[in-house]
Structure formats: structure tokens, C-alpha cells
>>> print(open('final35.txt').read())   # compact mmCIF, N, CA and C atoms
# COMPACT_ATOMS: atom_id res chain seq x y z
N MET A 108 -14.98 -4.01 -9.93
CA MET A 108 -14.22 -3.90 -11.18
C MET A 108 -13.10 -2.88 -11.00
N LEU A 109 -11.94 -3.24 -11.42
CA LEU A 109 -10.77 -2.38 -11.29
C LEU A 109 -10.89 -1.16 -12.19
N ASN A 110 -10.75 0.03 -11.62
CA ASN A 110 -10.82 1.27 -12.36
C ASN A 110 -9.47 1.49 -13.06
N LYS A 111 -9.35 0.94 -14.26
CA LYS A 111 -8.06 0.98 -14.96
C LYS A 111 -7.65 2.39 -15.37
N GLU A 112 -8.61 3.25 -15.62
CA GLU A 112 -8.27 4.62 -16.00
C GLU A 112 -7.61 5.36 -14.83
N LEU A 113 -8.18 5.20 -13.64
CA LEU A 113 -7.60 5.83 -12.46
C LEU A 113 -6.24 5.21 -12.16
N LEU A 114 -6.13 3.90 -12.28
CA LEU A 114 -4.86 3.22 -12.06
C LEU A 114 -3.79 3.71 -13.04
N ARG A 115 -4.19 3.87 -14.30
CA ARG A 115 -3.27 4.35 -15.33
C ARG A 115 -2.79 5.77 -15.01
N LYS A 116 -3.73 6.61 -14.60
CA LYS A 116 -3.42 8.00 -14.27
C LYS A 116 -2.45 8.10 -13.08
N LEU A 117 -2.71 7.30 -12.04
CA LEU A 117 -1.83 7.28 -10.88
C LEU A 117 -0.45 6.74 -11.22
N LYS A 118 -0.44 5.68 -12.02
CA LYS A 118 0.84 5.08 -12.42
C LYS A 118 1.69 6.10 -13.16
N GLU A 119 1.08 6.83 -14.08
CA GLU A 119 1.81 7.85 -14.85
C GLU A 119 2.32 8.95 -13.92
N LYS A 120 1.49 9.36 -12.99
CA LYS A 120 1.89 10.42 -12.07
C LYS A 120 3.07 9.98 -11.20
N VAL A 121 3.02 8.75 -10.72
CA VAL A 121 4.10 8.21 -9.89
C VAL A 121 5.39 8.10 -10.70
N GLN A 122 5.28 7.64 -11.93
CA GLN A 122 6.47 7.46 -12.76
C GLN A 122 7.08 8.78 -13.23
N ASN A 123 6.25 9.80 -13.43
CA ASN A 123 6.75 11.03 -14.05
C ASN A 123 6.75 12.26 -13.16
N ASN A 124 5.83 12.34 -12.20
CA ASN A 124 5.66 13.58 -11.44
C ASN A 124 5.53 13.30 -9.95
N ILE A 125 6.43 12.51 -9.41
CA ILE A 125 6.32 12.09 -8.02
C ILE A 125 6.23 13.28 -7.06
N GLU A 126 6.81 14.41 -7.42
CA GLU A 126 6.82 15.56 -6.52
C GLU A 126 5.46 16.24 -6.37
N ILE A 127 4.49 15.94 -7.21
CA ILE A 127 3.18 16.60 -7.10
C ILE A 127 2.10 15.66 -6.56
N ILE A 128 2.50 14.62 -5.90
CA ILE A 128 1.55 13.70 -5.28
C ILE A 128 0.91 14.39 -4.08
N ASN A 129 -0.38 14.12 -3.89
CA ASN A 129 -1.07 14.67 -2.73
C ASN A 129 -1.84 13.57 -2.00
N SER A 130 -2.48 13.94 -0.90
CA SER A 130 -3.17 12.93 -0.08
C SER A 130 -4.31 12.26 -0.83
N GLU A 131 -4.93 12.97 -1.76
CA GLU A 131 -5.99 12.35 -2.58
C GLU A 131 -5.40 11.22 -3.43
N ASP A 132 -4.19 11.43 -3.96
CA ASP A 132 -3.53 10.38 -4.74
C ASP A 132 -3.27 9.15 -3.88
N LEU A 133 -2.83 9.37 -2.65
CA LEU A 133 -2.56 8.24 -1.76
C LEU A 133 -3.85 7.49 -1.44
N LEU A 134 -4.93 8.23 -1.18
CA LEU A 134 -6.22 7.58 -0.93
C LEU A 134 -6.70 6.83 -2.18
N ASN A 135 -6.45 7.40 -3.36
CA ASN A 135 -6.79 6.68 -4.60
C ASN A 135 -5.95 5.42 -4.77
N ALA A 136 -4.68 5.48 -4.34
CA ALA A 136 -3.83 4.29 -4.40
C ALA A 136 -4.38 3.21 -3.46
N TYR A 137 -4.88 3.62 -2.30
CA TYR A 137 -5.52 2.65 -1.39
C TYR A 137 -6.79 2.09 -2.01
N GLU A 138 -7.52 2.92 -2.73
CA GLU A 138 -8.73 2.42 -3.42
C GLU A 138 -8.35 1.37 -4.46
N MET A 139 -7.25 1.61 -5.16
CA MET A 139 -6.78 0.62 -6.14
C MET A 139 -6.37 -0.68 -5.42
N LEU A 140 -5.70 -0.55 -4.29
CA LEU A 140 -5.30 -1.72 -3.51
C LEU A 140 -6.55 -2.49 -3.05
N LYS A 141 -7.57 -1.76 -2.66
CA LYS A 141 -8.84 -2.38 -2.26
C LYS A 141 -9.44 -3.16 -3.42
N GLU A 142 -9.47 -2.55 -4.59
CA GLU A 142 -10.04 -3.20 -5.76
C GLU A 142 -9.22 -4.42 -6.17
N VAL A 143 -7.91 -4.33 -6.06
CA VAL A 143 -7.05 -5.48 -6.36
C VAL A 143 -7.33 -6.61 -5.36
N TYR A 144 -7.48 -6.25 -4.09
CA TYR A 144 -7.81 -7.25 -3.07
C TYR A 144 -9.14 -7.93 -3.42
N GLU A 145 -10.15 -7.14 -3.73
CA GLU A 145 -11.47 -7.70 -4.06
C GLU A 145 -11.39 -8.64 -5.27
N LYS A 146 -10.60 -8.26 -6.24
CA LYS A 146 -10.48 -9.05 -7.46
C LYS A 146 -9.77 -10.38 -7.21
N HIS A 147 -8.79 -10.39 -6.33
CA HIS A 147 -7.91 -11.56 -6.17
C HIS A 147 -8.13 -12.37 -4.90
N LYS A 148 -8.97 -11.92 -3.98
CA LYS A 148 -9.06 -12.61 -2.69
C LYS A 148 -9.50 -14.06 -2.82
N ASP A 149 -10.32 -14.38 -3.80
CA ASP A 149 -10.76 -15.76 -3.97
C ASP A 149 -9.71 -16.63 -4.65
N LEU A 150 -8.69 -16.01 -5.23
CA LEU A 150 -7.63 -16.74 -5.92
C LEU A 150 -6.47 -17.09 -4.99
N SER A 151 -6.45 -16.51 -3.82
CA SER A 151 -5.32 -16.70 -2.93
C SER A 151 -5.80 -16.95 -1.50
N LYS A 152 -5.44 -18.08 -0.94
CA LYS A 152 -5.80 -18.39 0.45
C LYS A 152 -5.19 -17.38 1.41
N LYS A 153 -3.96 -16.91 1.07
CA LYS A 153 -3.31 -15.92 1.94
C LYS A 153 -4.13 -14.63 2.01
N LEU A 154 -4.67 -14.21 0.87
CA LEU A 154 -5.47 -12.99 0.87
C LEU A 154 -6.81 -13.23 1.57
N LYS A 155 -7.42 -14.36 1.31
CA LYS A 155 -8.74 -14.64 1.87
C LYS A 155 -8.69 -14.68 3.41
N LYS A 156 -7.59 -15.20 3.96
CA LYS A 156 -7.46 -15.32 5.41
C LYS A 156 -6.75 -14.13 6.04
N MET A 157 -6.44 -13.12 5.24
CA MET A 157 -5.67 -11.98 5.71
C MET A 157 -6.41 -11.19 6.79
N ARG A 158 -5.67 -10.88 7.85
CA ARG A 158 -6.15 -9.97 8.90
C ARG A 158 -4.99 -9.01 9.15
N LEU A 159 -5.19 -7.77 8.82
CA LEU A 159 -4.10 -6.81 8.84
C LEU A 159 -4.65 -5.42 9.11
N LYS A 160 -4.00 -4.69 10.01
CA LYS A 160 -4.35 -3.30 10.29
C LYS A 160 -3.05 -2.49 10.24
N VAL A 161 -2.94 -1.63 9.26
CA VAL A 161 -1.70 -0.89 9.05
C VAL A 161 -1.93 0.60 9.28
N GLN A 162 -1.12 1.17 10.14
CA GLN A 162 -1.08 2.62 10.32
C GLN A 162 0.04 3.14 9.44
N HIS A 163 -0.24 4.10 8.61
CA HIS A 163 0.73 4.63 7.66
C HIS A 163 0.90 6.12 7.96
N ILE A 164 2.08 6.49 8.38
CA ILE A 164 2.38 7.89 8.68
C ILE A 164 3.25 8.44 7.57
N VAL A 165 2.77 9.49 6.91
CA VAL A 165 3.51 10.12 5.82
C VAL A 165 4.26 11.31 6.41
N SER A 166 5.57 11.15 6.52
CA SER A 166 6.39 12.09 7.29
C SER A 166 6.42 13.49 6.70
N ASP A 167 6.51 13.63 5.39
CA ASP A 167 6.63 14.97 4.81
C ASP A 167 5.30 15.72 4.78
N TRP A 168 4.20 15.03 4.98
CA TRP A 168 2.89 15.71 5.07
C TRP A 168 2.43 15.84 6.51
N ASP A 169 3.09 15.12 7.42
CA ASP A 169 2.66 15.05 8.81
C ASP A 169 1.19 14.63 8.89
N LYS A 170 0.86 13.58 8.12
CA LYS A 170 -0.51 13.06 8.08
C LYS A 170 -0.48 11.56 8.34
N GLU A 171 -1.59 11.09 8.85
CA GLU A 171 -1.72 9.66 9.13
C GLU A 171 -2.83 9.07 8.27
N PHE A 172 -2.57 7.88 7.77
CA PHE A 172 -3.53 7.12 6.98
C PHE A 172 -3.55 5.70 7.54
N TRP A 173 -4.51 4.92 7.15
CA TRP A 173 -4.59 3.55 7.61
C TRP A 173 -5.30 2.71 6.56
N PHE A 174 -5.05 1.41 6.62
CA PHE A 174 -5.89 0.47 5.89
C PHE A 174 -5.94 -0.82 6.68
N SER A 175 -7.04 -1.54 6.50
CA SER A 175 -7.21 -2.80 7.21
C SER A 175 -7.90 -3.81 6.31
N VAL A 176 -7.58 -5.06 6.58
CA VAL A 176 -8.25 -6.17 5.92
C VAL A 176 -8.64 -7.12 7.04
N GLU A 177 -9.94 -7.25 7.24
CA GLU A 177 -10.46 -8.16 8.25
C GLU A 177 -11.77 -8.74 7.75
N ASP A 178 -11.94 -10.05 7.96
CA ASP A 178 -13.16 -10.73 7.55
C ASP A 178 -13.50 -10.46 6.09
N GLU A 179 -12.46 -10.48 5.24
CA GLU A 179 -12.58 -10.28 3.80
C GLU A 179 -13.11 -8.89 3.42
N LEU A 180 -12.94 -7.93 4.29
CA LEU A 180 -13.37 -6.56 4.03
C LEU A 180 -12.14 -5.65 4.09
N PHE A 181 -11.87 -4.93 2.99
CA PHE A 181 -10.75 -4.00 2.91
C PHE A 181 -11.30 -2.60 3.12
N GLU A 182 -10.75 -1.90 4.10
CA GLU A 182 -11.15 -0.52 4.38
C GLU A 182 -9.90 0.33 4.51
N TYR A 183 -10.06 1.63 4.30
CA TYR A 183 -8.93 2.56 4.40
C TYR A 183 -9.46 3.94 4.73
N GLY A 184 -8.55 4.81 5.14
CA GLY A 184 -8.96 6.17 5.41
C GLY A 184 -7.82 7.02 5.92
N GLU A 185 -8.16 8.26 6.23
CA GLU A 185 -7.20 9.19 6.79
C GLU A 185 -7.43 9.23 8.29
N GLY A 186 -6.36 9.28 9.06
CA GLY A 186 -6.48 9.32 10.51
C GLY A 186 -5.77 8.16 11.16
N VAL A 187 -6.23 7.80 12.35
CA VAL A 187 -5.58 6.79 13.17
C VAL A 187 -6.47 5.55 13.26
N ILE A 188 -5.85 4.38 13.16
CA ILE A 188 -6.56 3.12 13.34
C ILE A 188 -6.20 2.57 14.72
N GLU A 189 -7.17 2.02 15.39
CA GLU A 189 -6.95 1.46 16.72
C GLU A 189 -6.22 0.12 16.63
N ASP A 190 -5.24 -0.07 17.47
CA ASP A 190 -4.51 -1.33 17.61
C ASP A 190 -3.95 -1.84 16.27
N PRO A 191 -3.06 -1.07 15.62
CA PRO A 191 -2.51 -1.52 14.33
C PRO A 191 -1.62 -2.75 14.47
N THR A 192 -1.62 -3.57 13.43
CA THR A 192 -0.72 -4.72 13.36
C THR A 192 0.72 -4.21 13.29
N PHE A 193 0.92 -3.22 12.43
CA PHE A 193 2.20 -2.52 12.41
C PHE A 193 2.01 -1.11 11.89
N THR A 194 3.01 -0.28 12.16
CA THR A 194 3.01 1.11 11.74
C THR A 194 4.15 1.31 10.74
N PHE A 195 3.83 2.01 9.69
CA PHE A 195 4.73 2.22 8.57
C PHE A 195 4.93 3.73 8.44
N TYR A 196 6.18 4.21 8.52
CA TYR A 196 6.49 5.63 8.54
C TYR A 196 7.49 5.93 7.43
N CYS A 197 7.09 6.77 6.46
CA CYS A 197 8.01 7.18 5.40
C CYS A 197 7.44 8.39 4.66
N THR A 198 8.17 8.87 3.67
CA THR A 198 7.73 10.03 2.89
C THR A 198 6.62 9.64 1.91
N SER A 199 5.97 10.63 1.37
CA SER A 199 4.93 10.40 0.36
C SER A 199 5.53 9.74 -0.88
N GLU A 200 6.72 10.16 -1.25
CA GLU A 200 7.37 9.60 -2.43
C GLU A 200 7.63 8.10 -2.25
N LEU A 201 8.22 7.72 -1.13
CA LEU A 201 8.48 6.30 -0.88
C LEU A 201 7.19 5.51 -0.76
N SER A 202 6.17 6.12 -0.16
CA SER A 202 4.87 5.45 -0.02
C SER A 202 4.32 5.05 -1.38
N MET A 203 4.30 5.99 -2.29
CA MET A 203 3.75 5.72 -3.62
C MET A 203 4.64 4.77 -4.40
N LYS A 204 5.95 4.89 -4.23
CA LYS A 204 6.85 3.98 -4.94
C LYS A 204 6.67 2.54 -4.48
N ILE A 205 6.37 2.34 -3.21
CA ILE A 205 6.10 0.99 -2.72
C ILE A 205 4.76 0.51 -3.27
N LEU A 206 3.73 1.34 -3.19
CA LEU A 206 2.39 0.94 -3.67
C LEU A 206 2.37 0.67 -5.17
N PHE A 207 3.28 1.29 -5.91
CA PHE A 207 3.30 1.11 -7.36
C PHE A 207 4.46 0.27 -7.85
N GLY A 208 5.12 -0.43 -6.94
CA GLY A 208 6.11 -1.41 -7.34
C GLY A 208 7.43 -0.86 -7.83
N ILE A 209 7.66 0.43 -7.69
CA ILE A 209 8.95 1.00 -8.08
C ILE A 209 10.00 0.54 -7.06
N ILE A 210 9.59 0.52 -5.79
CA ILE A 210 10.37 -0.17 -4.76
C ILE A 210 9.62 -1.47 -4.53
N TYR A 211 10.23 -2.56 -4.92
CA TYR A 211 9.57 -3.86 -4.84
C TYR A 211 9.33 -4.24 -3.39
N PRO A 212 8.16 -4.75 -3.05
CA PRO A 212 7.81 -4.99 -1.64
C PRO A 212 8.69 -6.00 -0.92
N THR A 213 9.47 -6.78 -1.64
CA THR A 213 10.38 -7.71 -0.98
C THR A 213 11.73 -7.06 -0.70
N HIS A 214 11.94 -5.83 -1.15
CA HIS A 214 13.25 -5.20 -1.00
C HIS A 214 13.21 -3.81 -0.35
N PRO A 215 12.45 -3.61 0.72
CA PRO A 215 12.49 -2.28 1.36
C PRO A 215 13.60 -2.17 2.39
N TRP A 216 14.35 -3.25 2.59
CA TRP A 216 15.27 -3.32 3.72
C TRP A 216 16.39 -2.28 3.65
N GLY A 217 16.87 -1.95 2.48
CA GLY A 217 17.89 -0.91 2.37
C GLY A 217 17.35 0.42 2.88
N TYR A 218 16.09 0.70 2.59
CA TYR A 218 15.46 1.94 3.05
C TYR A 218 15.24 1.91 4.56
N ILE A 219 14.97 0.71 5.08
CA ILE A 219 14.79 0.56 6.52
C ILE A 219 16.12 0.77 7.23
N GLU A 220 17.17 0.16 6.70
CA GLU A 220 18.49 0.30 7.31
C GLU A 220 18.96 1.75 7.30
N SER A 221 18.62 2.50 6.27
CA SER A 221 19.04 3.89 6.18
C SER A 221 18.15 4.82 7.01
N GLY A 222 17.01 4.31 7.49
CA GLY A 222 16.09 5.12 8.28
C GLY A 222 15.06 5.86 7.45
N ASP A 223 15.06 5.67 6.12
CA ASP A 223 14.07 6.33 5.26
C ASP A 223 12.68 5.74 5.44
N ILE A 224 12.63 4.48 5.83
CA ILE A 224 11.37 3.81 6.15
C ILE A 224 11.53 3.25 7.56
N ILE A 225 10.54 3.53 8.41
CA ILE A 225 10.52 2.99 9.76
C ILE A 225 9.26 2.15 9.90
N ILE A 226 9.43 0.92 10.31
CA ILE A 226 8.30 0.02 10.52
C ILE A 226 8.40 -0.52 11.94
N SER A 227 7.29 -0.44 12.67
CA SER A 227 7.27 -0.98 14.02
C SER A 227 6.03 -1.85 14.19
N GLY A 228 6.11 -2.77 15.10
CA GLY A 228 4.99 -3.67 15.36
C GLY A 228 5.32 -5.08 14.93
N LYS A 229 4.31 -5.84 14.58
CA LYS A 229 4.46 -7.25 14.23
C LYS A 229 4.80 -7.42 12.75
N VAL A 230 5.92 -6.85 12.36
CA VAL A 230 6.31 -6.79 10.96
C VAL A 230 6.69 -8.15 10.40
N ILE A 231 7.53 -8.88 11.09
CA ILE A 231 8.04 -10.15 10.57
C ILE A 231 6.89 -11.10 10.27
N LYS A 232 5.92 -11.17 11.15
CA LYS A 232 4.78 -12.08 10.98
C LYS A 232 3.85 -11.62 9.85
N HIS A 233 3.66 -10.32 9.71
CA HIS A 233 2.61 -9.82 8.82
C HIS A 233 3.10 -9.20 7.52
N TRP A 234 4.39 -8.90 7.37
CA TRP A 234 4.89 -8.33 6.12
C TRP A 234 4.60 -9.24 4.92
N PRO A 235 4.75 -10.58 5.04
CA PRO A 235 4.43 -11.44 3.89
C PRO A 235 3.00 -11.29 3.38
N LYS A 236 2.06 -10.99 4.26
CA LYS A 236 0.67 -10.78 3.84
C LYS A 236 0.56 -9.53 2.98
N LEU A 237 1.16 -8.46 3.46
CA LEU A 237 1.13 -7.22 2.69
C LEU A 237 1.87 -7.39 1.38
N LYS A 238 3.00 -8.07 1.43
CA LYS A 238 3.80 -8.32 0.23
C LYS A 238 2.97 -9.06 -0.83
N LYS A 239 2.19 -10.05 -0.41
CA LYS A 239 1.35 -10.82 -1.34
C LYS A 239 0.33 -9.89 -2.02
N LEU A 240 -0.31 -9.03 -1.25
CA LEU A 240 -1.27 -8.10 -1.80
C LEU A 240 -0.61 -7.12 -2.76
N LEU A 241 0.56 -6.60 -2.39
CA LEU A 241 1.28 -5.67 -3.27
C LEU A 241 1.74 -6.34 -4.55
N LYS A 242 2.07 -7.62 -4.49
CA LYS A 242 2.46 -8.34 -5.71
C LYS A 242 1.31 -8.41 -6.69
N PHE A 243 0.10 -8.62 -6.20
CA PHE A 243 -1.07 -8.59 -7.09
C PHE A 243 -1.26 -7.20 -7.69
N GLN A 244 -1.04 -6.16 -6.87
CA GLN A 244 -1.14 -4.77 -7.36
C GLN A 244 -0.13 -4.54 -8.48
N ILE A 245 1.11 -4.98 -8.27
CA ILE A 245 2.16 -4.80 -9.26
C ILE A 245 1.81 -5.56 -10.56
N LYS A 246 1.27 -6.75 -10.41
CA LYS A 246 0.85 -7.54 -11.57
C LYS A 246 -0.17 -6.76 -12.40
N GLU A 247 -1.13 -6.15 -11.73
CA GLU A 247 -2.15 -5.34 -12.43
C GLU A 247 -1.49 -4.17 -13.15
N LEU A 248 -0.50 -3.54 -12.52
CA LEU A 248 0.17 -2.39 -13.13
C LEU A 248 0.97 -2.81 -14.35
N ILE A 249 1.62 -3.97 -14.27
CA ILE A 249 2.39 -4.47 -15.41
C ILE A 249 1.49 -4.78 -16.59
N GLU A 250 0.33 -5.38 -16.30
CA GLU A 250 -0.61 -5.76 -17.33
C GLU A 250 -1.39 -4.58 -17.91
N LEU A 251 -1.35 -3.45 -17.22
CA LEU A 251 -2.07 -2.24 -17.64
C LEU A 251 -1.52 -1.72 -18.96
N LYS A 252 -2.37 -1.51 -19.89
CA LYS A 252 -1.94 -1.01 -21.20
C LYS A 252 -2.44 0.39 -21.42
>>> encode(input="final35.txt", output="C-alpha cells")
Amino acid sequence: MLNKELLRKLKEKVQNNIEIINSEDLLNAYEMLKEVYEKHKDLSKKLKKMRLKVQHIVSDWDKEFWFSVEDELFEYGEGVIEDPTFTFYCTSELSMKILFGIIYPTHPWGYIESGDIIISGKVIKHWPKLKKLLKFQIKELIELK
């Protein structure tokens, strides 16, 4: 069940106080993404068949996070994941803005061109999978009252 209170709290923090985000907030955002995945995986063949391992490096914290979806199991944590599908490198602010739909997942390219977001690995093949999951997350945020 989606923890709407935590989602509401994170959404408000991202919209109003982006400068006070911490690693716990990012891990909570991953928890929300996990819950969204669990809620929607049976509604979408793309999510059900998703196999993805993402290394996420937060440049301003000099910390590494990861999340993976394999065999219908969503996991996440702090640290390094072995053999990532792709690596995503950006600031904490941009990270949260992407996870909360302020930067829409189909439009990060301006940030990539400017160097604010760096993505390496099998991005072209696997970005649509992540985009699909983020769209469900954004839908939940829009519907949140």
C-alpha cells in the first residue's frame, strides 16, 4: 500500500525546500518508487518484464545509491551495485526533481547537454523502462490530495 502521508511530505519538501533534502529523503523517494512499482507492475507489461540496475551518484553529497528491478522485485540502497545497466550522475536537487516529476522524465536532455546530468551505460535501450516507472510515480503525485 502506498504511504501517501510520506509521499505528501516528500512532495511538499521537494516543491518548497529543495535545499534541505538529505540522503534519507532520497531513500524515502526510492521507497515510494518501489511502492509505485508494486502497485502498478501487474497493470503494465513493460513494468512486469522490467530488468534494470541503476547506479545513482549524487555529486553534491559525494554519495552513491542504487536501485534495481529484477524478477519483479524492486530493491534499493546506499552504496554500489554490481554491473549497473546505467549510471546516473547529478546533484541531489536534480535527483529529487526527476523523481518527483518537476523535471519530466522524457525531457532531461537539456540537462544532459549542459553537463548537469551525466548518464553512461545502456541508456538508449533502458531509459524508456525507467521513464515508464517514473510516469506512474508522477501520476500518483498528481492524484495525491
>>> closest_residue(input="final35.txt", among="A:Lys239, A:Glu179, A:Ile225, A:Trp168", to="Tyr196 of chain A", atoms="all atoms listed in the file")
A:Ile225
>>> atom_distance(input="final35.txt", atom1="atom C of Glu112 of chain A", atom2="atom CA of Trp173 of chain A")
22.7 Å
>>> closest_residue(input="final35.txt", among="A:Glu142, A:Thr194, A:His147, A:Leu133", to="Val230 of chain A", atoms="only N, CA and C atoms")
A:Thr194
>>> residues_around(input="final35.txt", residues="Lys160 of chain A", least_positions_apart="3", cutoff="6 Å", atoms="all atoms listed in the file", output="VMD selection string")
chain A and resid 174 to 176 191 to 193
>>> closest_residue(input="final35.txt", among="A:Arg158, A:Met203, A:Ser166, A:Glu250", to="Asp178 of chain A", atoms="all atoms listed in the file")
A:Arg158
>>> atom_distance(input="final35.txt", atom1="atom CA of Ser221 of chain A", atom2="atom CA of Trp234 of chain A")
18.7 Å
>>> residues_near_point(input="final35.txt", point="(5.0, 3.7, 9.8)", cutoff="6 Å", atoms="all atoms listed in the file", output="list in words")
Gln162, His163, Ile164, Thr194, Phe195, Tyr196, Cys197, Ile225, Ile226 and Ser227 of chain A
>>> select_by_dssp(input="final35.txt", residues="chain A", states="alpha helix (DSSP H)", output="PyMOL selection string")
chain A and resi 111-123+130-147+152-155+199-206+216-221+230-250
>>> atom_distance(input="final35.txt", atom1="atom C of Ile205 of chain A", atom2="atom C of Glu119 of chain A")
13.8 Å
>>> select_by_dssp(input="final35.txt", residues="chain A", states="strand (DSSP E)", output="JSON, numbers by chain")
{"A": [159, 160, 161, 162, 163, 164, 165, 170, 171, 172, 173, 174, 175, 176, 177, 180, 181, 182, 183, 184, 185, 193, 194, 195, 196, 197, 225, 226, 227, 228]}
>>> write_last_selection(input="final35.txt", atoms="N, CA and C atoms", output="mmCIF file, keeping the file's coordinate frame")
data_model
loop_
_atom_site.group_PDB
_atom_site.id
_atom_site.type_symbol
_atom_site.label_atom_id
_atom_site.label_comp_id
_atom_site.auth_asym_id
_atom_site.auth_seq_id
_atom_site.Cartn_x
_atom_site.Cartn_y
_atom_site.Cartn_z
ATOM 1 N N LEU A 159 -5.190 -7.770 8.820
ATOM 2 C CA LEU A 159 -4.100 -6.810 8.840
ATOM 3 C C LEU A 159 -4.650 -5.420 9.110
ATOM 4 N N LYS A 160 -4.000 -4.690 10.010
ATOM 5 C CA LYS A 160 -4.350 -3.300 10.290
ATOM 6 C C LYS A 160 -3.050 -2.490 10.240
ATOM 7 N N VAL A 161 -2.940 -1.630 9.260
ATOM 8 C CA VAL A 161 -1.700 -0.890 9.050
ATOM 9 C C VAL A 161 -1.930 0.600 9.280
ATOM 10 N N GLN A 162 -1.120 1.170 10.140
ATOM 11 C CA GLN A 162 -1.080 2.620 10.320
ATOM 12 C C GLN A 162 0.040 3.140 9.440
ATOM 13 N N HIS A 163 -0.240 4.100 8.610
ATOM 14 C CA HIS A 163 0.730 4.630 7.660
ATOM 15 C C HIS A 163 0.900 6.120 7.960
ATOM 16 N N ILE A 164 2.080 6.490 8.380
ATOM 17 C CA ILE A 164 2.380 7.890 8.680
ATOM 18 C C ILE A 164 3.250 8.440 7.570
ATOM 19 N N VAL A 165 2.770 9.490 6.910
ATOM 20 C CA VAL A 165 3.510 10.120 5.820
ATOM 21 C C VAL A 165 4.260 11.310 6.410
ATOM 22 N N LYS A 170 0.860 13.580 8.120
ATOM 23 C CA LYS A 170 -0.510 13.060 8.080
ATOM 24 C C LYS A 170 -0.480 11.560 8.340
ATOM 25 N N GLU A 171 -1.590 11.090 8.850
ATOM 26 C CA GLU A 171 -1.720 9.660 9.130
ATOM 27 C C GLU A 171 -2.830 9.070 8.270
ATOM 28 N N PHE A 172 -2.570 7.880 7.770
ATOM 29 C CA PHE A 172 -3.530 7.120 6.980
ATOM 30 C C PHE A 172 -3.550 5.700 7.540
ATOM 31 N N TRP A 173 -4.510 4.920 7.150
ATOM 32 C CA TRP A 173 -4.590 3.550 7.610
ATOM 33 C C TRP A 173 -5.300 2.710 6.560
ATOM 34 N N PHE A 174 -5.050 1.410 6.620
ATOM 35 C CA PHE A 174 -5.890 0.470 5.890
ATOM 36 C C PHE A 174 -5.940 -0.820 6.680
ATOM 37 N N SER A 175 -7.040 -1.540 6.500
ATOM 38 C CA SER A 175 -7.210 -2.800 7.210
ATOM 39 C C SER A 175 -7.900 -3.810 6.310
ATOM 40 N N VAL A 176 -7.580 -5.060 6.580
ATOM 41 C CA VAL A 176 -8.250 -6.170 5.920
ATOM 42 C C VAL A 176 -8.640 -7.120 7.040
ATOM 43 N N GLU A 177 -9.940 -7.250 7.240
ATOM 44 C CA GLU A 177 -10.460 -8.160 8.250
ATOM 45 C C GLU A 177 -11.770 -8.740 7.750
ATOM 46 N N LEU A 180 -12.940 -7.930 4.290
ATOM 47 C CA LEU A 180 -13.370 -6.560 4.030
ATOM 48 C C LEU A 180 -12.140 -5.650 4.090
ATOM 49 N N PHE A 181 -11.870 -4.930 2.990
ATOM 50 C CA PHE A 181 -10.750 -4.000 2.910
ATOM 51 C C PHE A 181 -11.300 -2.600 3.120
ATOM 52 N N GLU A 182 -10.750 -1.900 4.100
ATOM 53 C CA GLU A 182 -11.150 -0.520 4.380
ATOM 54 C C GLU A 182 -9.900 0.330 4.510
ATOM 55 N N TYR A 183 -10.060 1.630 4.300
ATOM 56 C CA TYR A 183 -8.930 2.560 4.400
ATOM 57 C C TYR A 183 -9.460 3.940 4.730
ATOM 58 N N GLY A 184 -8.550 4.810 5.140
ATOM 59 C CA GLY A 184 -8.960 6.170 5.410
ATOM 60 C C GLY A 184 -7.820 7.020 5.920
ATOM 61 N N GLU A 185 -8.160 8.260 6.230
ATOM 62 C CA GLU A 185 -7.200 9.190 6.790
ATOM 63 C C GLU A 185 -7.430 9.230 8.290
ATOM 64 N N PHE A 193 0.920 -3.220 12.430
ATOM 65 C CA PHE A 193 2.200 -2.520 12.410
ATOM 66 C C PHE A 193 2.010 -1.110 11.890
ATOM 67 N N THR A 194 3.010 -0.280 12.160
ATOM 68 C CA THR A 194 3.010 1.110 11.740
ATOM 69 C C THR A 194 4.150 1.310 10.740
ATOM 70 N N PHE A 195 3.830 2.010 9.690
ATOM 71 C CA PHE A 195 4.730 2.220 8.570
ATOM 72 C C PHE A 195 4.930 3.730 8.440
ATOM 73 N N TYR A 196 6.180 4.210 8.520
ATOM 74 C CA TYR A 196 6.490 5.630 8.540
ATOM 75 C C TYR A 196 7.490 5.930 7.430
ATOM 76 N N CYS A 197 7.090 6.770 6.460
ATOM 77 C CA CYS A 197 8.010 7.180 5.400
ATOM 78 C C CYS A 197 7.440 8.390 4.660
ATOM 79 N N ILE A 225 10.540 3.530 8.410
ATOM 80 C CA ILE A 225 10.520 2.990 9.760
ATOM 81 C C ILE A 225 9.260 2.150 9.900
ATOM 82 N N ILE A 226 9.430 0.920 10.310
ATOM 83 C CA ILE A 226 8.300 0.020 10.520
ATOM 84 C C ILE A 226 8.400 -0.520 11.940
ATOM 85 N N SER A 227 7.290 -0.440 12.670
ATOM 86 C CA SER A 227 7.270 -0.980 14.020
ATOM 87 C C SER A 227 6.030 -1.850 14.190
ATOM 88 N N GLY A 228 6.110 -2.770 15.100
ATOM 89 C CA GLY A 228 4.990 -3.670 15.360
ATOM 90 C C GLY A 228 5.320 -5.080 14.930
#
>>> closest_residue(input="final35.txt", among="A:Asn123, A:Lys141, A:Glu200, A:Ile209", to="Leu180 of chain A", atoms="all atoms listed in the file")
A:Lys141
>>> closest_residue(input="final35.txt", among="A:Val165, A:Gly186, A:Leu113, A:Phe207", to="Phe243 of chain A", atoms="only C-alpha atoms")
A:Phe207
>>> closest_residue(input="final35.txt", among="A:Lys246, A:Val161, A:Tyr183, A:Ile224", to="Thr198 of chain A", atoms="all atoms listed in the file")
A:Ile224
